>>> print(open('run.cif').read())   # mmCIF, C-alpha atoms
data_final
#
loop_
_atom_site.label_atom_id
_atom_site.label_comp_id
_atom_site.auth_asym_id
_atom_site.auth_seq_id
_atom_site.Cartn_x
_atom_site.Cartn_y
_atom_site.Cartn_z
CA MET A 1 0.00 0.00 0.00
CA PHE A 2 1.13 3.57 -0.64
CA ASN A 3 1.68 6.06 2.09
CA LYS A 4 2.87 9.63 1.91
CA ASP A 5 6.50 8.68 2.38
CA ASN A 6 6.80 5.81 -0.03
CA GLN A 7 4.09 6.39 -2.65
CA LEU A 8 6.55 7.61 -5.28
CA GLU A 9 9.20 4.99 -4.43
CA LYS A 10 7.42 2.43 -6.60
CA PHE A 11 7.89 4.64 -9.65
CA LYS A 12 11.65 5.18 -9.34
CA ASP A 13 12.26 2.32 -11.77
CA ALA A 14 9.11 2.73 -13.87
CA GLU A 15 9.40 0.76 -17.10
CA THR A 16 7.37 3.29 -19.08
CA ILE A 17 7.30 7.07 -18.83
CA ILE A 18 5.11 9.14 -21.14
CA GLY A 19 6.36 12.75 -20.98
CA ALA A 20 4.33 15.95 -21.22
CA SER A 21 5.19 16.43 -24.93
CA ILE A 22 3.63 13.14 -25.98
CA LYS A 23 0.14 12.30 -27.24
CA VAL A 24 -0.71 8.60 -27.07
CA LYS A 25 -3.64 7.17 -29.02
CA GLY A 26 -4.82 3.56 -28.83
CA ASN A 27 -4.76 0.67 -26.41
CA PHE A 28 -1.74 1.21 -24.22
CA GLN A 29 -0.78 -1.84 -22.22
CA GLY A 30 2.24 -2.44 -20.00
CA GLN A 31 3.66 -5.13 -17.73
CA GLY A 32 5.57 -2.80 -15.42
CA SER A 33 4.88 0.51 -13.70
CA ILE A 34 3.73 3.39 -15.92
CA ILE A 35 4.02 7.15 -15.43
CA ILE A 36 1.78 9.38 -17.58
CA GLU A 37 2.59 13.09 -17.75
CA GLY A 38 1.26 13.71 -21.29
CA SER A 39 -2.07 12.94 -22.92
CA LEU A 40 -3.60 9.57 -23.71
CA GLU A 41 -6.75 8.57 -25.61
CA GLY A 42 -7.97 4.99 -25.81
CA SER A 43 -7.40 2.52 -22.99
CA LEU A 44 -4.69 2.14 -20.39
CA LYS A 45 -3.88 -1.10 -18.65
CA THR A 46 -1.01 -2.42 -16.54
CA ASP A 47 -0.49 -5.34 -14.18
CA ALA A 48 1.63 -3.07 -11.99
CA ASN A 49 1.42 0.52 -10.74
CA LEU A 50 0.20 3.64 -12.49
CA PHE A 51 1.00 7.29 -11.82
CA ILE A 52 -0.95 10.04 -13.58
CA GLY A 53 0.75 13.44 -13.20
CA ASP A 54 -1.07 16.70 -12.49
CA ARG A 55 -0.67 17.98 -16.09
CA ALA A 56 -1.75 14.72 -17.69
CA LYS A 57 -5.00 14.37 -19.62
CA VAL A 58 -6.28 10.82 -19.97
CA THR A 59 -9.40 9.97 -21.93
CA ALA A 60 -9.51 6.24 -21.40
CA ASN A 61 -10.73 3.41 -19.26
CA ILE A 62 -7.93 2.58 -16.84
CA GLU A 63 -6.98 -0.66 -15.14
CA SER A 64 -4.02 -1.13 -12.78
CA LYS A 65 -2.88 -2.62 -9.49
CA ASP A 66 -2.01 0.46 -7.41
CA ALA A 67 -2.63 3.92 -8.86
CA ILE A 68 -1.96 7.55 -8.02
CA VAL A 69 -4.11 10.03 -9.94
CA ASN A 70 -3.22 13.73 -9.88
CA GLY A 71 -4.38 14.74 -13.38
CA GLU A 72 -7.54 14.70 -15.47
CA VAL A 73 -9.19 11.38 -16.28
CA ARG A 74 -12.27 11.00 -18.47
CA GLY A 75 -13.17 7.33 -18.24
CA ASN A 76 -13.64 4.58 -15.70
CA ILE A 77 -10.85 3.64 -13.30
CA LYS A 78 -10.34 0.18 -11.85
CA SER A 79 -7.56 -0.03 -9.29
CA LYS A 80 -7.42 -3.55 -7.95
CA ASN A 81 -5.38 -2.69 -4.91
CA TYR A 82 -4.93 0.87 -3.69
CA LEU A 83 -6.02 4.11 -5.37
CA ALA A 84 -4.72 7.49 -4.23
CA ILE A 85 -6.55 10.51 -5.66
CA GLY A 86 -4.57 13.73 -5.29
CA GLY A 87 -5.92 17.24 -4.66
CA THR A 88 -5.37 18.28 -8.32
CA ALA A 89 -7.22 15.28 -9.78
CA LYS A 90 -10.33 15.68 -11.95
CA ILE A 91 -12.08 12.40 -12.59
CA PHE A 92 -15.14 12.07 -14.81
CA GLY A 93 -16.10 8.41 -14.65
CA ASP A 94 -16.83 5.52 -12.31
CA ILE A 95 -14.16 4.27 -9.94
CA GLN A 96 -13.60 0.75 -8.63
CA TYR A 97 -10.96 0.23 -5.99
CA GLY A 98 -9.61 -2.12 -3.35
CA GLU A 99 -8.73 0.70 -1.00
CA ILE A 100 -8.89 4.45 -1.59
CA SER A 101 -7.73 7.80 -0.31
CA VAL A 102 -9.00 11.14 -1.65
CA ALA A 103 -7.20 14.42 -1.01
CA LYS A 104 -8.99 17.72 -0.40
CA GLY A 105 -9.65 19.58 -3.66
CA ALA A 106 -10.08 16.51 -5.87
CA ILE A 107 -13.04 16.59 -8.27
CA ILE A 108 -14.85 13.30 -8.80
CA ASN A 109 -17.91 13.02 -11.00
CA GLY A 110 -18.90 9.36 -11.01
CA GLN A 111 -19.72 6.41 -8.83
CA LEU A 112 -17.28 4.97 -6.30
CA MET A 113 -17.43 1.23 -5.77
CA MET A 114 -15.23 -0.92 -3.59
CA LEU A 115 -14.18 -4.20 -5.18
CA SER A 116 -15.33 -7.26 -3.24
CA GLU A 117 -12.74 -9.50 -1.61
CA GLU A 118 -13.71 -12.28 -4.03
CA HIS A 119 -13.25 -9.94 -7.01
CA LYS A 120 -9.83 -8.85 -5.79
CA ARG A 121 -8.85 -12.47 -5.15
CA ASN A 122 -10.02 -13.57 -8.63
CA ASP A 123 -8.05 -10.77 -10.24
CA LYS A 124 -4.91 -12.08 -8.58
CA LEU A 125 -5.46 -15.64 -9.88
CA LYS A 126 -3.86 -16.98 -13.00
CA PRO A 127 -6.31 -17.72 -15.93
CA GLU A 128 -6.28 -21.50 -15.30
CA GLU A 129 -6.94 -20.97 -11.58
CA LYS A 130 -9.79 -18.60 -12.48
CA ALA A 131 -11.45 -21.35 -14.55
CA VAL A 132 -11.33 -23.73 -11.57
CA ALA A 133 -12.69 -21.04 -9.24
CA THR A 134 -15.59 -20.37 -11.66
CA ASP A 135 -16.40 -24.12 -11.95
CA LYS A 136 -16.76 -24.31 -8.18
CA MET B 137 43.02 -18.51 -34.76
CA HIS B 138 42.74 -14.74 -34.49
CA VAL B 139 42.17 -12.72 -37.66
CA TYR B 140 42.71 -8.97 -37.38
CA ILE B 141 40.84 -6.79 -39.89
CA TYR B 142 42.61 -3.43 -40.22
CA ASP B 143 40.37 -0.71 -41.66
CA ASP B 144 41.68 1.20 -44.67
CA TYR B 145 42.10 4.52 -42.84
CA LEU B 146 44.79 2.92 -40.67
CA ASN B 147 47.12 3.07 -43.70
CA LYS B 148 47.72 6.74 -42.83
CA SER B 149 51.14 7.33 -41.31
CA LYS B 150 49.70 9.02 -38.22
CA TYR B 151 48.43 5.62 -37.06
CA ASN B 152 51.78 3.81 -37.53
CA LYS B 153 52.89 4.19 -33.91
CA THR B 154 49.51 3.05 -32.57
CA ILE B 155 49.48 0.00 -34.83
CA ASN B 156 53.05 -0.89 -33.82
CA ARG B 157 52.09 -0.61 -30.17
CA ILE B 158 49.05 -2.85 -30.69
CA GLU B 159 51.06 -5.49 -32.54
CA ILE B 160 53.77 -5.59 -29.87
CA ARG B 161 51.15 -5.89 -27.14
CA LEU B 162 49.31 -8.68 -28.97
CA THR B 163 52.58 -10.58 -29.43
CA ASP B 164 53.39 -10.16 -25.72
CA LEU B 165 49.99 -11.60 -24.85
CA GLY B 166 50.37 -14.48 -27.31
CA LEU B 167 47.39 -13.24 -29.34
CA ASN B 168 49.11 -12.65 -32.65
CA GLY B 169 47.33 -13.90 -35.75
CA LYS B 170 46.61 -13.16 -39.37
CA ILE B 171 46.35 -9.51 -40.42
CA ILE B 172 44.10 -8.38 -43.25
CA ARG B 173 44.36 -4.77 -44.40
CA LEU B 174 41.13 -3.61 -46.04
CA GLY B 175 43.00 -0.81 -47.83
CA GLY B 176 44.11 -3.01 -50.70
CA ILE B 177 41.03 -5.23 -50.94
CA LYS B 178 38.10 -4.72 -53.30
CA ASN B 179 35.97 -7.70 -52.21
CA ILE B 180 35.79 -7.05 -48.47
CA LYS B 181 32.75 -9.31 -47.94
CA GLY B 182 34.36 -12.22 -49.77
CA THR B 183 37.63 -11.84 -47.86
CA ILE B 184 35.94 -11.85 -44.44
CA GLN B 185 33.66 -14.73 -45.39
CA ASN B 186 36.65 -16.71 -46.58
CA GLU B 187 38.44 -16.31 -43.23
CA ILE B 188 35.39 -17.67 -41.42
CA LYS B 189 35.28 -20.62 -43.84
CA LEU B 190 38.96 -21.25 -43.07
CA GLY B 191 38.05 -21.54 -39.38
CA ALA B 192 38.78 -18.15 -37.79
CA LYS B 193 37.82 -18.42 -34.11
CA THR B 194 38.03 -14.68 -33.48
CA ILE B 195 37.61 -11.88 -35.99
CA VAL B 196 38.95 -8.63 -34.54
CA ALA B 197 37.83 -5.28 -35.97
CA VAL B 198 40.80 -2.91 -35.71
CA GLY B 199 39.38 0.55 -36.44
CA ASN B 200 36.08 2.22 -35.60
CA ASN B 201 32.28 1.77 -35.76
CA GLN B 202 32.45 1.46 -39.53
CA THR B 203 34.94 -1.40 -39.31
CA ILE B 204 32.59 -3.33 -37.03
CA ASN B 205 29.65 -2.61 -39.34
CA LYS B 206 31.69 -3.79 -42.36
CA ILE B 207 32.40 -7.13 -40.65
CA ILE B 208 28.81 -7.65 -39.50
CA GLY B 209 27.55 -6.56 -42.93
CA ALA B 210 29.83 -9.12 -44.56
CA VAL B 211 28.33 -12.08 -42.71
CA ILE B 212 24.78 -11.27 -41.65
CA ASP B 213 22.06 -12.85 -43.78
CA THR B 214 24.63 -14.78 -45.83
CA ASP B 215 25.34 -18.51 -46.15
CA ILE B 216 28.31 -18.13 -43.82
CA TYR B 217 26.29 -16.53 -40.99
CA SER B 218 25.40 -19.83 -39.29
CA ASP B 219 29.12 -20.73 -39.03
CA PHE B 220 29.94 -17.20 -37.87
CA GLN B 221 27.37 -17.33 -35.08
CA LYS B 222 28.37 -20.81 -33.88
CA LYS B 223 32.14 -20.73 -34.23
CA THR B 224 33.36 -17.15 -34.48
CA ILE B 225 33.58 -14.37 -31.92
CA LEU B 226 33.90 -10.69 -32.74
CA GLY B 227 36.61 -8.69 -31.00
CA ILE B 228 37.26 -4.95 -31.21
CA ILE B 229 40.40 -2.82 -31.02
CA PRO B 230 39.35 0.84 -31.30
CA VAL B 231 41.75 3.21 -33.04
CA GLY B 232 40.99 6.93 -33.44
CA GLY B 233 37.54 8.54 -33.19
CA ASP B 234 33.99 7.35 -33.97
CA ASN B 235 34.25 4.42 -31.59
CA SER B 236 30.98 4.59 -29.66
CA ILE B 237 30.34 0.86 -30.15
CA ALA B 238 33.66 -0.07 -28.50
CA ALA B 239 32.86 2.37 -25.67
CA SER B 240 29.48 0.66 -25.18
CA PHE B 241 31.30 -2.64 -24.77
CA GLY B 242 33.62 -1.10 -22.17
CA ILE B 243 36.64 -0.93 -24.50
CA LYS B 244 38.22 2.49 -24.00
CA ASN B 245 41.52 2.30 -25.86
CA GLU B 246 43.75 -0.01 -27.87
CA GLU B 247 45.86 -1.21 -24.95
CA GLU B 248 42.84 -2.10 -22.86
CA ALA B 249 41.31 -3.76 -25.93
CA CYS B 250 44.27 -6.20 -26.11
CA ASN B 251 43.78 -7.17 -22.45
CA ILE B 252 40.04 -7.59 -23.03
CA LEU B 253 40.76 -9.90 -25.99
CA LEU B 254 42.89 -12.02 -23.68
CA ALA B 255 40.20 -12.16 -20.96
CA ARG B 256 37.69 -13.29 -23.63
CA ARG B 257 34.46 -12.32 -21.83
CA VAL B 258 31.78 -13.08 -24.41
CA GLU B 259 28.24 -11.67 -24.61
CA LYS B 260 25.51 -12.44 -27.14
CA ILE B 261 24.33 -9.13 -28.58
CA ASP B 262 21.07 -8.24 -30.35
CA LEU B 263 21.07 -6.32 -33.59
CA GLY B 264 18.59 -3.62 -34.48
CA ILE B 265 17.10 -3.81 -37.98
CA VAL B 266 15.95 -0.83 -39.99
CA GLY B 267 14.90 -1.60 -43.53
CA GLN B 268 17.63 -3.94 -44.83
CA TYR B 269 20.30 -2.47 -42.55
CA TYR B 270 21.46 -3.91 -39.21
CA PHE B 271 22.68 -1.62 -36.45
CA LEU B 272 24.36 -2.07 -33.10
CA ASN B 273 24.01 1.29 -31.34
CA GLN B 274 20.97 3.37 -32.14
CA ALA B 275 18.81 5.20 -34.65
CA THR B 276 17.76 8.82 -34.05
CA ILE B 277 15.29 11.30 -35.54
CA GLN B 278 14.09 14.83 -34.74
CA SER B 279 11.12 14.55 -32.40
CA LEU B 280 8.78 17.32 -33.60
CA GLY B 281 6.15 15.78 -35.88
CA THR B 282 7.42 12.24 -35.41
CA ILE B 283 4.81 9.53 -34.98
CA LEU B 284 5.74 6.14 -33.56
CA GLU B 285 3.33 3.25 -34.08
CA ILE B 286 3.80 0.37 -31.64
CA ASP B 287 1.47 -2.63 -31.26
CA ASP B 288 -2.01 -1.21 -30.74
CA TYR B 289 -1.13 2.43 -30.10
CA SER B 290 0.70 5.43 -31.51
CA LEU B 291 2.79 8.21 -29.98
CA GLU B 292 2.90 11.69 -31.46
CA ILE B 293 5.62 14.08 -30.26
CA ILE B 294 4.62 17.74 -30.24
CA LYS B 295 7.85 19.44 -29.11
CA ARG B 296 11.35 19.84 -30.57
CA GLY B 297 13.96 17.36 -29.39
CA GLU B 298 15.25 13.94 -30.34
CA VAL B 299 13.90 10.41 -30.47
CA SER B 300 16.50 7.66 -29.91
CA ILE B 301 15.77 4.02 -30.72
CA ILE B 302 18.46 2.26 -28.72
CA ASN B 303 19.83 -1.27 -28.96
CA LEU B 304 23.19 -0.63 -27.35
CA LEU B 305 23.66 2.46 -25.22
CA SER B 306 26.61 4.58 -26.38
CA ASP B 307 26.46 7.38 -23.84
CA LYS B 308 26.95 6.47 -20.21
CA ASN B 309 25.53 9.86 -19.17
CA GLN B 310 22.09 9.12 -20.59
CA SER B 311 19.74 8.60 -17.67
CA ILE B 312 18.36 5.34 -19.00
CA LYS B 313 19.35 1.73 -18.89
CA SER B 314 19.45 -0.31 -22.06
CA ASN B 315 20.08 -4.00 -22.39
CA PRO B 316 21.37 -5.25 -25.78
CA HIS B 317 20.37 -8.85 -25.11
CA ASP B 318 16.77 -8.52 -23.93
CA GLY B 319 15.28 -8.73 -27.43
CA LYS B 320 13.80 -5.23 -27.09
CA LEU B 321 14.56 -1.75 -28.38
CA ASP B 322 14.54 1.07 -25.86
CA ILE B 323 12.80 4.22 -27.05
CA TYR B 324 13.99 7.40 -25.42
CA ILE B 325 12.45 10.78 -26.27
CA LYS B 326 14.02 13.91 -24.84
CA THR B 327 12.42 17.26 -25.52
CA LYS B 328 12.83 19.82 -22.78
CA ARG B 329 14.84 19.28 -19.63
CA LYS B 330 12.92 17.04 -17.25
CA ASP B 331 10.48 16.17 -20.06
CA GLN B 332 11.58 12.68 -20.95
CA THR B 333 9.76 9.70 -22.31
CA TYR B 334 10.93 6.14 -22.05
CA LEU B 335 9.42 2.88 -23.20
CA SER B 336 10.48 -0.34 -24.92
CA ALA B 337 9.19 -2.27 -27.92
CA LYS B 338 10.12 -5.18 -30.17
CA LYS B 339 9.21 -3.28 -33.32
CA LEU B 340 7.82 0.08 -34.33
CA LEU B 341 6.95 2.12 -37.39
CA ILE B 342 8.47 5.61 -37.53
CA THR B 343 6.93 8.40 -39.59
CA ASN B 344 8.18 11.96 -39.97
CA PRO B 345 7.58 13.66 -43.34
CA ASN B 346 10.17 16.39 -42.69
CA ASN B 347 13.11 14.49 -41.20
CA LYS B 348 15.13 11.36 -41.88
CA LEU B 349 16.12 8.60 -39.50
CA LEU B 350 19.87 8.57 -38.78
CA VAL B 351 21.17 5.05 -38.14
CA ASP B 352 24.36 4.56 -36.06
CA GLY B 353 25.16 8.23 -36.76
CA VAL B 354 26.01 7.43 -40.39
CA ILE B 355 23.18 6.27 -42.62
CA GLU B 356 20.12 8.44 -43.32
CA MET B 357 16.83 6.73 -44.10
CA ALA B 358 13.52 8.24 -45.20
CA THR B 359 10.36 7.44 -43.28
CA PRO B 360 7.92 5.76 -42.85
CA ILE B 361 10.23 2.91 -41.94
CA GLU B 362 9.97 -0.08 -39.63
CA VAL B 363 12.57 -0.65 -36.92
CA GLY B 364 12.87 -4.04 -35.27
CA ILE B 365 15.27 -6.23 -33.33
CA SER B 366 16.90 -9.58 -33.91
CA LYS B 367 17.95 -11.35 -30.73
CA ASP B 368 21.43 -12.69 -29.91
CA ARG B 369 22.83 -12.28 -33.42
CA VAL B 370 26.51 -11.64 -32.66
CA ASN B 371 28.96 -12.98 -30.06
CA VAL B 372 31.19 -10.13 -28.94
CA ILE B 373 34.19 -9.98 -26.59
CA VAL B 374 33.34 -7.24 -24.06
CA GLY B 375 35.09 -5.45 -21.20
CA LYS B 376 33.97 -5.54 -17.60
CA ASP B 377 33.11 -1.80 -17.77
CA ARG B 378 30.51 -2.31 -20.49
CA MET B 379 27.38 -0.11 -20.38
CA PHE B 380 24.97 -2.97 -19.72
CA GLU B 381 24.56 -5.98 -17.45
#
>>> encode(input="run.cif", output="structure tokens")
Amino acid sequence: MFNKDNQLEKFKDAETIIGASIKVKGNFQGQGSIIIEGSLEGSLKTDANLFIGDRAKVTANIESKDAIVNGEVRGNIKSKNYLAIGGTAKIFGDIQYGEISVAKGAIINGQLMMLSEEHKRNDKLKPEEKAVATDK
Amino acid sequence: MHVYIYDDYLNKSKYNKTINRIEIRLTDLGLNGKIIRLGGIKNIKGTIQNEIKLGAKTIVAVGNNQTINKIIGAVIDTDIYSDFQKKTILGIIPVGGDNSIAASFGIKNEEEACNILLARRVEKIDLGIVGQYYFLNQATIQSLGTILEIDDYSLEIIKRGEVSIINLLSDKNQSIKSNPHDGKLDIYIKTKRKDQTYLSAKKLLITNPNNKLLVDGVIEMATPIEVGISKDRVNVIVGKDRMFE
């Protein structure tokens, strides 16, 4: 889980950084941690952590493990583990999360829904384990 | 058997002392072998291929980036390549300037190069491919107006700067890590200070109607053009101070 002291530590060795001068269009998918400082349209998915900077503009449905959102997001967010919404964040879409913190000043226009324990557990399973879990 | 390929520019008298020093050092280390001077040879490809056929265990490029590219260009995608990859190792002795590839492999000067040849630390190295051309270091293009298409998405760069498609890092001061045997190209976009973009890909399509792609600092290519990677294509003798793990 993030806390104030270590929340940026996870992004020191981010595998992907999209700078402020970059416009991404399409289905952006990564295995490692992703930092977005520019703009993105389409979809955004990673198995690891996601950081959206305060100048970033994301028009996409987002899926990640942990996430920190400080910029503008137009789309639904699913953060399987922990979601930190900063005071500069503007979110227009529904949010699903394992755990959440929201800073003063954040704008959220959408529904907030906590993921069930079963949902979180299923998301952690491998595909073949998921099939067995569904059969049961 | 070691075969030393001397590039043609080494015929100039200003390199005589350096070449003498290298030859003495190689003899001291028991690494002396056959010397081929490219200066007097018209069929460079045929000559290099013939040495591999004759059983050269180590082909050593004595020269600069171009010398290495000449050797790789002589064997890659030819009938002899399979033998080259299985039986032959590429060594490098840098002489003069334009030696970023040697620097990437941790080979700083000719004396150190001789010691590195003796130590024989071998790494399998990927080669980048752009069009029909293979490259070791990197390809670069002006960033403004460049569009990169990767898998299911595209990146458009809206500020002036440079895009580098890196196989083998040539500048230790660059704030990124690049691994030339991970089967991936590292894409590094630097526009303003602190505005950096970094990601990796196996292949990408580059488009910029106003600028050309510069490959290994030498060859210019018009876009759109596809850049890819071919894994573990060359066995190279490297130094312990190489710019990758």
>>> interface_residues(input="run.cif", of="chain A", to="chain B", cutoff="8 Å", atoms="only C-alpha atoms", output="list of chain:residue names")
A:Glu15, A:Thr16, A:Ile17, A:Ile18, A:Gly19, A:Ala20, A:Ser21, A:Ile22, A:Lys23, A:Val24, A:Lys25, A:Gly26, A:Asn27, A:Phe28
>>> write_last_selection(input="run.cif", atoms="C-alpha atoms", output="compact mmCIF listing (two decimals), in the coordinates of the input")
# COMPACT_ATOMS: atom_id res chain seq x y z
CA GLU A 15 9.40 0.76 -17.10
CA THR A 16 7.37 3.29 -19.08
CA ILE A 17 7.30 7.07 -18.83
CA ILE A 18 5.11 9.14 -21.14
CA GLY A 19 6.36 12.75 -20.98
CA ALA A 20 4.33 15.95 -21.22
CA SER A 21 5.19 16.43 -24.93
CA ILE A 22 3.63 13.14 -25.98
CA LYS A 23 0.14 12.30 -27.24
CA VAL A 24 -0.71 8.60 -27.07
CA LYS A 25 -3.64 7.17 -29.02
CA GLY A 26 -4.82 3.56 -28.83
CA ASN A 27 -4.76 0.67 -26.41
CA PHE A 28 -1.74 1.21 -24.22
>>> resolve_selection(input="run.cif", expression="the PyMOL selection byres ((chain A and resi 13) around 12)", output="short mmCIF file (atom, residue, chain, number, x, y, z; two decimals) with C-alpha atoms, keeping the file's coordinate frame")
data_model
loop_
_atom_site.label_atom_id
_atom_site.label_comp_id
_atom_site.auth_asym_id
_atom_site.auth_seq_id
_atom_site.Cartn_x
_atom_site.Cartn_y
_atom_site.Cartn_z
CA LEU A 8 6.55 7.61 -5.28
CA GLU A 9 9.20 4.99 -4.43
CA LYS A 10 7.42 2.43 -6.60
CA PHE A 11 7.89 4.64 -9.65
CA LYS A 12 11.65 5.18 -9.34
CA ALA A 14 9.11 2.73 -13.87
CA GLU A 15 9.40 0.76 -17.10
CA THR A 16 7.37 3.29 -19.08
CA ILE A 17 7.30 7.07 -18.83
CA GLY A 32 5.57 -2.80 -15.42
CA SER A 33 4.88 0.51 -13.70
CA ILE A 34 3.73 3.39 -15.92
CA ILE A 35 4.02 7.15 -15.43
CA ALA A 48 1.63 -3.07 -11.99
CA ASN A 49 1.42 0.52 -10.74
CA SER B 311 19.74 8.60 -17.67
CA ILE B 312 18.36 5.34 -19.00
CA LYS B 313 19.35 1.73 -18.89
CA TYR B 334 10.93 6.14 -22.05
CA LEU B 335 9.42 2.88 -23.20
#
>>> resolve_selection(input="run.cif", expression="the PyMOL selection byres ((chain B and resi 177-181) around 8)", output="PyMOL selection string")
chain B and resi 173-176+182-185+206-207+209-211
>>> write_last_selection(input="run.cif", atoms="C-alpha atoms", output="PDB file, keeping the file's coordinate frame")
ATOM      1  CA  ARG B 173      44.360  -4.770 -44.400  1.00  0.00           C
ATOM      2  CA  LEU B 174      41.130  -3.610 -46.040  1.00  0.00           C
ATOM      3  CA  GLY B 175      43.000  -0.810 -47.830  1.00  0.00           C
ATOM      4  CA  GLY B 176      44.110  -3.010 -50.700  1.00  0.00           C
ATOM      5  CA  GLY B 182      34.360 -12.220 -49.770  1.00  0.00           C
ATOM      6  CA  THR B 183      37.630 -11.840 -47.860  1.00  0.00           C
ATOM      7  CA  ILE B 184      35.940 -11.850 -44.440  1.00  0.00           C
ATOM      8  CA  GLN B 185      33.660 -14.730 -45.390  1.00  0.00           C
ATOM      9  CA  LYS B 206      31.690  -3.790 -42.360  1.00  0.00           C
ATOM     10  CA  ILE B 207      32.400  -7.130 -40.650  1.00  0.00           C
ATOM     11  CA  GLY B 209      27.550  -6.560 -42.930  1.00  0.00           C
ATOM     12  CA  ALA B 210      29.830  -9.120 -44.560  1.00  0.00           C
ATOM     13  CA  VAL B 211      28.330 -12.080 -42.710  1.00  0.00           C
TER      14      VAL B 211
END
>>> closest_residue(input="run.cif", among="B:Ile277, B:Pro345, B:Thr163, B:Ile188", to="Thr214 (chain B)", atoms="only C-alpha atoms")
B:Ile188
>>> resolve_selection(input="run.cif", expression="the PyMOL selection byres ((chain A and resi 39) around 6)", output="list of chain:residue names")
A:Lys23, A:Gly38, A:Leu40, A:Ala56, A:Lys57, A:Val58
>>> closest_residue(input="run.cif", among="B:Val258, B:Val231, B:Val351, B:Ile208", to="Leu146 (chain B)", atoms="only C-alpha atoms")
B:Val231
